[in-house]
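Asks: To be precise about what I am sending: the file is called data-v3.cif and holds mmCIF, C-alpha atoms.
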```cif
data_protein
loop_
_atom_site.label_atom_id
_atom_site.label_comp_id
_atom_site.auth_asym_id
_atom_site.auth_seq_id
_atom_site.Cartn_x
_atom_site.Cartn_y
_atom_site.Cartn_z
CA MET A 1 0.00 0.00 0.00
CA LYS A 2 2.85 2.37 0.89
CA LYS A 3 4.49 1.56 -2.45
CA PHE A 4 1.26 2.37 -4.28
CA ASN A 5 0.97 5.70 -2.45
CA ARG A 6 4.54 6.62 -3.37
CA ILE A 7 3.79 5.89 -7.05
CA LEU A 8 0.61 7.97 -6.89
CA ILE A 9 2.41 10.89 -5.26
CA GLY A 10 5.18 10.72 -7.87
CA PHE A 11 2.67 10.70 -10.71
CA SER A 12 0.90 13.75 -9.22
CA VAL A 13 4.18 15.68 -9.01
CA VAL A 14 5.01 14.91 -12.67
CA LEU A 15 1.51 15.91 -13.79
CA ALA A 16 1.68 19.20 -11.87
CA PHE A 17 5.12 19.87 -13.35
CA LEU A 18 3.78 19.42 -16.89
CA VAL A 19 0.71 21.58 -16.27
CA MET A 20 2.70 24.41 -14.63
CA GLY A 21 5.48 24.27 -17.19
CA CYS A 22 9.00 22.99 -17.29
CA PRO A 23 12.28 23.94 -18.95
CA GLY A 24 12.21 23.23 -22.69
CA LEU A 25 8.41 23.19 -22.96
CA ALA A 26 7.74 26.84 -23.83
CA GLU A 27 4.21 27.97 -24.60
CA ALA A 28 3.44 29.04 -28.15
CA LYS A 29 3.57 32.79 -28.43
CA GLU A 30 2.44 35.52 -30.78
CA ILE A 31 5.06 37.90 -32.14
CA VAL A 32 3.69 41.15 -33.54
CA VAL A 33 5.34 43.20 -36.29
CA PRO A 34 6.18 46.08 -35.97
CA ARG A 35 5.45 46.08 -32.21
CA ASP A 36 8.07 43.47 -31.31
CA TYR A 37 10.27 43.59 -34.41
CA ASP A 38 10.48 46.10 -37.24
CA ASP A 39 11.08 43.43 -39.88
CA ILE A 40 9.02 40.33 -40.59
CA GLN A 41 12.16 38.25 -41.14
CA ASP A 42 13.54 39.16 -37.71
CA ALA A 43 10.27 38.06 -36.15
CA ILE A 44 10.36 34.75 -38.04
CA ASP A 45 13.97 34.16 -36.97
CA ALA A 46 12.99 34.71 -33.33
CA ALA A 47 10.01 32.33 -33.51
CA VAL A 48 9.95 28.62 -32.73
CA THR A 49 7.59 25.88 -33.89
CA GLY A 50 4.01 26.67 -32.89
CA ASP A 51 4.52 30.44 -32.74
CA LYS A 52 2.57 32.89 -34.86
CA VAL A 53 4.02 36.00 -36.43
CA ARG A 54 1.22 38.53 -36.73
CA VAL A 55 1.88 41.43 -39.11
CA LEU A 56 -0.09 44.63 -38.68
CA ALA A 57 -1.40 46.64 -41.64
CA GLY A 58 1.29 48.39 -43.64
CA LEU A 59 3.78 48.16 -46.49
CA TYR A 60 6.79 45.92 -45.80
CA ALA A 61 9.66 46.11 -48.28
CA GLU A 62 11.53 42.84 -47.74
CA SER A 63 11.79 39.28 -48.95
CA ILE A 64 11.20 36.59 -46.33
CA THR A 65 12.08 32.95 -45.75
CA MET A 66 9.52 31.15 -43.61
CA LYS A 67 10.31 28.68 -40.83
CA GLU A 68 8.82 25.23 -40.29
CA GLY A 69 5.82 25.30 -37.98
CA VAL A 70 5.62 29.10 -37.79
CA ASP A 71 2.55 30.83 -39.27
CA VAL A 72 2.90 34.31 -40.76
CA LEU A 73 -0.44 36.13 -40.70
CA GLY A 74 -1.19 39.56 -42.14
CA GLU A 75 -4.17 41.69 -41.16
CA GLY A 76 -5.62 41.20 -44.62
CA ALA A 77 -4.41 41.32 -48.20
CA ASP A 78 -6.08 44.69 -48.80
CA VAL A 79 -4.08 46.37 -46.04
CA THR A 80 -0.89 44.31 -45.56
CA THR A 81 1.58 44.30 -48.46
CA LEU A 82 4.87 42.49 -48.81
CA VAL A 83 6.95 43.87 -51.69
CA ALA A 84 10.42 42.90 -52.87
CA LEU A 85 13.18 45.41 -52.22
CA PRO A 86 13.74 47.32 -55.49
CA GLU A 87 17.53 47.28 -55.05
CA GLY A 88 17.75 43.65 -53.92
CA PRO A 89 18.72 40.65 -56.05
CA PRO A 90 16.09 38.98 -58.27
CA GLY A 91 14.17 36.15 -56.68
CA PRO A 92 11.06 35.30 -54.73
CA VAL A 93 9.36 37.56 -52.22
CA VAL A 94 8.37 34.60 -50.02
CA THR A 95 10.21 31.27 -49.72
CA THR A 96 8.09 28.78 -47.81
CA ALA A 97 8.74 26.01 -45.27
CA ASN A 98 6.87 22.91 -44.11
CA ASN A 99 3.79 22.95 -41.90
CA CYS A 100 3.27 26.68 -41.91
CA THR A 101 0.67 29.15 -43.17
CA LEU A 102 1.01 32.39 -45.09
CA ASP A 103 -2.29 34.27 -44.86
CA GLY A 104 -3.58 37.77 -45.48
CA PHE A 105 -0.91 39.49 -47.59
CA THR A 106 -0.54 41.13 -50.96
CA VAL A 107 2.72 39.75 -52.40
CA THR A 108 4.21 41.74 -55.25
CA GLY A 109 7.37 42.99 -56.92
CA ALA A 110 9.31 39.76 -57.56
CA ARG A 111 11.86 40.26 -60.34
CA GLY A 112 13.67 37.94 -62.72
CA ARG A 113 12.76 34.76 -64.58
CA PRO A 114 11.87 32.53 -62.97
CA GLY A 115 10.99 35.03 -60.26
CA HIS A 116 8.10 33.35 -58.48
CA ALA A 117 6.52 35.70 -55.97
CA ILE A 118 5.87 32.77 -53.62
CA PHE A 119 8.36 29.93 -54.05
CA ILE A 120 7.36 26.49 -52.76
CA LYS A 121 10.13 23.94 -53.27
CA ASP A 122 9.94 20.52 -51.54
CA THR A 123 7.73 22.03 -48.82
CA SER A 124 4.06 21.78 -47.90
CA PRO A 125 2.69 25.08 -46.58
CA ARG A 126 -0.79 26.58 -46.78
CA VAL A 127 -1.11 29.85 -48.71
CA SER A 128 -4.52 31.42 -48.19
CA ASN A 129 -6.39 34.70 -48.54
CA CYS A 130 -3.49 36.41 -50.33
CA ILE A 131 -3.34 38.67 -53.37
CA VAL A 132 -0.40 37.74 -55.61
CA ARG A 133 -0.01 40.30 -58.38
CA ASP A 134 2.37 42.21 -60.65
CA ASN A 135 5.38 39.94 -60.41
CA ASP A 136 7.87 39.38 -63.24
CA TYR A 137 7.06 35.70 -63.64
CA ALA A 138 4.81 33.19 -61.87
CA GLY A 139 2.62 34.27 -59.01
CA ILE A 140 3.15 30.99 -57.13
CA GLY A 141 5.76 28.42 -58.13
CA VAL A 142 5.46 24.87 -56.75
CA HIS A 143 8.33 22.46 -57.46
CA ASN A 144 9.49 18.91 -56.75
CA SER A 145 7.92 15.75 -55.39
CA LYS A 146 7.96 16.68 -51.70
CA ALA A 147 5.85 19.77 -52.34
CA ARG A 148 2.25 19.23 -51.18
CA PRO A 149 0.92 22.74 -50.57
CA VAL A 150 -2.66 23.92 -50.20
CA LEU A 151 -3.38 27.12 -52.17
CA GLU A 152 -6.78 28.41 -51.11
CA ASN A 153 -8.92 31.53 -51.60
CA ASN A 154 -6.19 33.65 -53.20
CA ARG A 155 -6.45 36.25 -55.99
CA ILE A 156 -3.60 35.73 -58.45
CA HIS A 157 -3.41 38.19 -61.32
CA ASN A 158 -1.29 40.29 -63.67
CA ASN A 159 1.85 38.21 -63.28
CA GLY A 160 4.38 37.92 -66.13
CA GLY A 161 4.21 34.11 -66.30
CA PRO A 162 1.55 31.63 -65.20
CA GLY A 163 -0.58 32.43 -62.19
CA ILE A 164 0.41 29.10 -60.62
CA ALA A 165 3.20 26.82 -61.89
CA ASN A 166 3.03 23.29 -60.44
CA ASN A 167 5.93 21.20 -61.75
CA TYR A 168 8.37 18.30 -61.38
CA GLY A 169 6.26 15.89 -59.34
CA ALA A 170 4.65 18.44 -57.03
CA ALA A 171 1.08 17.88 -55.91
CA ALA A 172 -0.64 21.14 -55.10
CA THR A 173 -4.23 21.37 -53.92
CA ILE A 174 -5.62 24.48 -55.62
CA VAL A 175 -9.04 25.41 -54.24
CA GLY A 176 -11.30 28.44 -54.44
CA ASN A 177 -8.86 30.86 -56.07
CA GLU A 178 -9.51 33.63 -58.59
CA ILE A 179 -6.80 33.50 -61.26
CA PHE A 180 -6.90 36.05 -64.07
CA ALA A 181 -4.96 38.34 -66.42
CA ASN A 182 -1.66 36.47 -66.13
CA THR A 183 0.62 36.61 -69.19
CA ARG A 184 0.75 32.84 -69.61
CA ALA A 185 -1.58 30.13 -68.25
CA GLY A 186 -3.79 30.59 -65.25
CA ILE A 187 -2.48 27.23 -63.98
CA GLY A 188 0.39 25.39 -65.69
CA SER A 189 1.33 21.91 -64.50
CA VAL A 190 4.10 19.61 -65.79
CA GLY A 191 4.71 16.07 -64.56
CA SER A 192 2.68 16.58 -61.43
CA ALA A 193 -0.44 15.46 -59.59
CA THR A 194 -2.77 18.35 -59.00
CA MET A 195 -6.17 18.91 -57.43
CA VAL A 196 -7.89 21.91 -59.05
CA ARG A 197 -11.31 22.52 -57.55
CA GLY A 198 -13.75 25.42 -57.38
CA ASN A 199 -11.54 28.10 -58.98
CA ARG A 200 -12.44 30.98 -61.32
CA ILE A 201 -9.85 31.15 -64.10
CA TYR A 202 -10.29 33.72 -66.85
CA GLY A 203 -8.63 36.25 -69.12
CA ASN A 204 -5.16 34.69 -69.03
CA GLY A 205 -2.78 35.05 -71.97
CA LEU A 206 -2.59 31.35 -72.86
CA ALA A 207 -4.51 28.38 -71.44
CA GLY A 208 -6.84 28.64 -68.51
CA ILE A 209 -5.43 25.30 -67.26
CA GLY A 210 -2.52 23.71 -69.15
CA THR A 211 -1.04 20.34 -68.21
CA ILE A 212 1.70 18.11 -69.67
CA SER A 213 2.34 14.48 -68.65
CA CYS A 214 0.51 14.75 -65.37
CA SER A 215 -0.77 11.76 -63.41
CA ALA A 216 -3.77 11.77 -61.05
CA LEU A 217 -5.07 15.17 -62.12
CA VAL A 218 -8.43 16.07 -60.62
CA ILE A 219 -10.16 19.07 -62.21
CA GLU A 220 -13.60 19.62 -60.70
CA GLY A 221 -16.14 22.38 -60.29
CA ASN A 222 -14.11 25.18 -61.89
CA ASP A 223 -15.33 28.14 -63.95
CA VAL A 224 -12.80 28.54 -66.78
CA HIS A 225 -13.63 31.10 -69.45
CA ASP A 226 -12.36 33.61 -72.00
CA ASN A 227 -8.68 32.74 -71.85
CA SER A 228 -6.68 33.60 -74.97
CA GLY A 229 -5.59 30.01 -75.66
CA VAL A 230 -7.49 26.84 -74.89
CA GLU A 231 -9.56 26.77 -71.75
CA LEU A 232 -8.10 23.37 -70.81
CA SER A 233 -5.28 21.38 -72.38
CA VAL A 234 -4.51 17.86 -71.11
CA LEU A 235 -1.41 16.74 -73.00
CA SER A 236 1.26 14.10 -72.59
CA VAL A 237 4.67 13.63 -74.15
CA LYS A 238 4.75 10.46 -76.25
CA GLY A 239 6.03 7.58 -74.17
CA ALA A 240 5.32 9.22 -70.82
CA VAL A 241 3.68 6.89 -68.30
CA ILE A 242 0.43 8.21 -66.87
CA GLU A 243 -0.23 6.00 -63.86
CA VAL A 244 -3.65 7.51 -63.09
CA GLU A 245 -5.57 9.29 -65.84
CA ALA A 246 -7.14 12.67 -65.20
CA THR A 247 -10.68 13.22 -63.98
CA ILE A 248 -12.38 16.30 -65.43
CA ASP A 249 -15.87 16.67 -63.97
CA ASP A 250 -18.58 19.28 -63.36
CA ASN A 251 -16.68 22.26 -64.78
CA THR A 252 -17.83 25.14 -66.95
CA PHE A 253 -15.52 25.86 -69.91
CA ALA A 254 -16.44 28.83 -72.09
CA GLY A 255 -14.13 29.67 -75.00
CA SER A 256 -14.23 32.78 -77.12
CA GLY A 257 -13.28 31.21 -80.47
CA GLY A 258 -9.88 30.48 -81.97
CA PRO A 259 -8.55 27.27 -80.43
CA PRO A 260 -10.80 24.50 -79.10
CA ALA A 261 -12.17 24.84 -75.59
CA ILE A 262 -10.54 21.53 -74.55
CA ILE A 263 -7.62 19.70 -76.16
CA CYS A 264 -6.78 16.13 -75.14
CA GLU A 265 -3.57 14.71 -76.65
CA ASN A 266 -1.66 11.47 -75.93
CA THR A 267 -3.59 10.93 -72.73
CA SER A 268 -7.02 9.53 -71.94
CA PRO A 269 -8.88 11.32 -69.16
CA SER A 270 -12.47 10.96 -68.08
CA ILE A 271 -14.36 14.07 -69.24
CA SER A 272 -17.87 14.08 -67.78
CA LYS A 273 -20.75 16.33 -66.75
CA ASN A 274 -19.09 19.53 -67.97
CA ILE A 275 -20.75 22.49 -69.65
CA ILE A 276 -18.58 23.39 -72.65
CA THR A 277 -19.22 26.32 -74.97
CA ASN A 278 -17.02 27.90 -77.60
CA ARG A 279 -17.81 30.78 -79.88
CA GLY A 280 -16.52 30.04 -83.36
CA SER A 281 -14.44 26.95 -82.63
CA THR A 282 -14.54 23.32 -81.52
CA GLY A 283 -15.73 22.18 -78.11
CA ILE A 284 -13.38 19.19 -77.56
CA MET A 285 -10.47 18.11 -79.76
CA VAL A 286 -9.05 14.59 -79.36
CA ILE A 287 -5.53 13.89 -80.70
CA ALA A 288 -3.94 10.41 -80.46
CA ALA A 289 -5.94 9.68 -77.35
CA ALA A 290 -8.76 7.54 -75.97
CA PRO A 291 -10.66 9.67 -73.46
CA HIS A 292 -14.08 8.77 -72.10
CA ILE A 293 -16.33 11.70 -72.98
CA ARG A 294 -19.72 11.27 -71.38
CA GLY A 295 -22.65 13.27 -70.08
CA ASN A 296 -21.38 16.68 -71.20
CA SER A 297 -23.35 19.60 -72.59
CA ILE A 298 -21.42 21.00 -75.58
CA SER A 299 -22.49 24.07 -77.51
CA THR A 300 -20.61 25.76 -80.35
CA ASP A 301 -21.23 27.79 -83.45
CA GLY A 302 -17.90 26.54 -84.77
CA PRO A 303 -17.16 23.55 -87.04
CA ALA A 304 -17.55 20.73 -84.49
CA GLY A 305 -18.82 19.87 -81.06
CA ILE A 306 -16.18 17.11 -80.87
CA TYR A 307 -13.36 16.73 -83.38
CA ILE A 308 -11.52 13.38 -83.46
CA LYS A 309 -8.13 13.22 -85.15
CA THR A 310 -6.97 10.07 -86.96
CA GLY A 311 -5.59 7.43 -84.60
CA SER A 312 -7.80 8.41 -81.67
CA ALA A 313 -10.18 5.97 -80.00
CA PRO A 314 -12.46 7.89 -77.64
CA ILE A 315 -15.66 6.64 -76.08
CA VAL A 316 -18.29 9.33 -76.71
CA GLU A 317 -21.64 8.71 -75.07
CA ASN A 318 -24.67 10.42 -73.58
CA ASN A 319 -23.59 13.93 -74.53
CA ASN A 320 -25.84 16.78 -75.63
CA ILE A 321 -24.25 18.65 -78.54
CA LEU A 322 -25.69 21.84 -79.98
CA GLY A 323 -24.09 23.24 -83.13
CA GLY A 324 -21.07 22.10 -85.04
CA GLY A 325 -23.18 21.28 -88.09
CA ARG A 326 -25.65 18.42 -88.35
CA ARG A 327 -23.10 15.84 -87.25
CA GLY A 328 -21.65 17.57 -84.21
CA ILE A 329 -18.94 14.90 -84.07
CA VAL A 330 -16.44 15.06 -86.94
CA GLY A 331 -13.05 13.71 -87.90
CA ASP A 332 -11.91 10.10 -88.10
CA THR A 333 -14.39 8.09 -86.01
CA SER A 334 -13.26 4.66 -87.23
CA LEU A 335 -11.75 3.69 -83.85
CA ALA A 336 -14.25 5.57 -81.72
CA VAL A 337 -17.20 4.21 -79.77
CA ILE A 338 -20.06 6.69 -80.27
CA GLN A 339 -23.44 6.03 -78.73
CA ASN A 340 -26.55 7.65 -77.29
CA ASN A 341 -25.58 11.26 -77.97
CA ASN A 342 -28.17 13.89 -78.70
CA ILE A 343 -27.00 16.24 -81.45
CA LEU A 344 -29.07 19.29 -82.29
CA ASP A 345 -28.44 21.92 -84.93
CA THR A 346 -31.38 24.36 -85.09
CA ALA A 347 -34.23 22.23 -86.46
CA VAL A 348 -32.11 19.15 -87.17
CA THR A 349 -31.80 16.49 -84.47
CA ALA A 350 -29.82 13.26 -84.73
CA THR A 351 -28.47 10.52 -82.48
CA SER A 352 -24.73 9.84 -82.67
CA PRO A 353 -24.26 10.23 -86.43
CA SER A 354 -20.67 9.97 -87.52
CA VAL A 355 -18.78 9.62 -90.76
CA PRO A 356 -15.42 7.81 -90.63
CA GLY A 357 -12.77 9.86 -92.37
CA GLU A 358 -14.75 13.11 -92.23
CA ALA A 359 -12.46 16.03 -93.03
CA ALA A 360 -11.73 18.06 -89.94
CA PRO A 361 -11.08 21.77 -89.58
CA PRO A 362 -7.43 22.87 -89.48
CA VAL A 363 -6.04 23.79 -86.08
CA GLU A 364 -2.98 25.90 -85.55
CA GLU A 365 -0.37 24.15 -83.41
CA GLU A 366 1.18 26.26 -80.67
CA THR A 367 2.30 26.21 -77.07
CA TRP A 368 -0.80 26.57 -74.94
CA PHE A 369 0.82 27.64 -71.70
#
```
Please rewrite the model in this file as structure tokens.
Replies:
Amino acid sequence: MKKFNRILIGFSVVLAFLVMGCPGLAEAKEIVVPRDYDDIQDAIDAAVTGDKVRVLAGLYAESITMKEGVDVLGEGADVTTLVALPEGPPGPVVTTANNCTLDGFTVTGARGRPGHAIFIKDTSPRVSNCIVRDNDYAGIGVHNSKARPVLENNRIHNNGGPGIANNYGAAATIVGNEIFANTRAGIGSVGSATMVRGNRIYGNGLAGIGTISCSALVIEGNDVHDNSGVELSVLSVKGAVIEVEATIDDNTFAGSGGPPAIICENTSPSISKNIITNRGSTGIMVIAAAPHIRGNSISTDGPAGIYIKTGSAPIVENNNILGGGRRGIVGDTSLAVIQNNNILDTAVTATSPSVPGEAAPPVEEETWF
């Protein structure tokens, strides 16, 4: 009994010690700029894992490198601006770290190419509620296979490259952003797995979303319209291994003529339940691919709802196609499976008509993002 009491007393002492605090177990603290430090970087350097650096409204001319486990929080992107030093070397304004959050800033002024305003390399931060604008190249650059960031509720515009570049095996989750008026693509992704959901992407200089040789792409619930190139390009380099084909569901793609709204080349995604319109051009173009195109609403006053290039073997079923002539589906359909589509051109209605070897409209080849 005495032994039990000694154990109980010892346990109580240890518990009290932990509750009251002990050396090496410091409480998380909030560091305020400019109250505690004039510079954001000095505040980050003084912080430890679990701390928050809170930045009051103002203009801060510096480039920062974040620290693992330390959140950097502005008072709001409309009132808290982080701008690169004009006399400093080219490079990013923010370099991220793992397990941290950047929230509530305007980030601007990055110079050089590539001069990503926010540079995410082999790290997995959260970037939210920021405005990323007027940088020399990409707004946000995500690189390498260890990068698993969440990019959420940002406004990314007027950058000299893509709004977001997600490359070299990175796997960004891109949710709820407004991405517009960037010189190149709204989102450009090469060799990466990307979740793109619930974004508004419009008015960019090339593609709305442009991808090359990407595995496990998920593109859902986005509003992509009036970009200067294609609205969506899903391409693959010949010979590249796509372990998991893309899923493209429940989006709205609205082109303004010129290139097709969607181009699918050398890869075979599932394209379903999208609303696709294009003024003066094709809805979906299939090149050397076998996508499953089903349950979409496609409207165009151009030459084709769906154009199939020779050598392609898509499954095309249960789509509603308005325009594109009486056939709606043109090109070489000899390898295609076409069934149960409703094709309407003014007063003419047909079900899945197709003519193998039908001549297709010429399309200018170019880099889409």
Asks: Could you tell me which of A:Ile321, A:Ile293, A:Val230, A:Ile201 comes closest to Ser268 (chain A) if we count all atoms listed in the file?
Replies: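 Looking only at the distances to Ser268 (chain A), the closest residue turns out to be A:Ile293.
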Asks: Determine the nearest neighbour of Thr211 (chain A) from the options A:Asn166, A:Asn320, A:Thr173, A:Asn199, counting only C-alpha atoms.
Replies: A:Asn166
Asks: I need the output of the PyMOL selection byres ((chain A and resi 45) around 10) for this file as number ranges by chain; which residues are they?
Replies: A: 40-44, 46-48, 65-67, 70
Asks: Work out how far CA of Gly198 (chain A) is from CA of Ile64 (chain A), in Å to one decimal.
Replies: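 Distance between the two atoms: 29.5 Å.
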Asks: Suppose a student applies the PyMOL selection byres ((chain A and resi 149-165) around 8) to this structure; what residues should they get, written as a ChimeraX atom specification?
Replies: /A:120,123-142,147-148,166-167,171-189,369
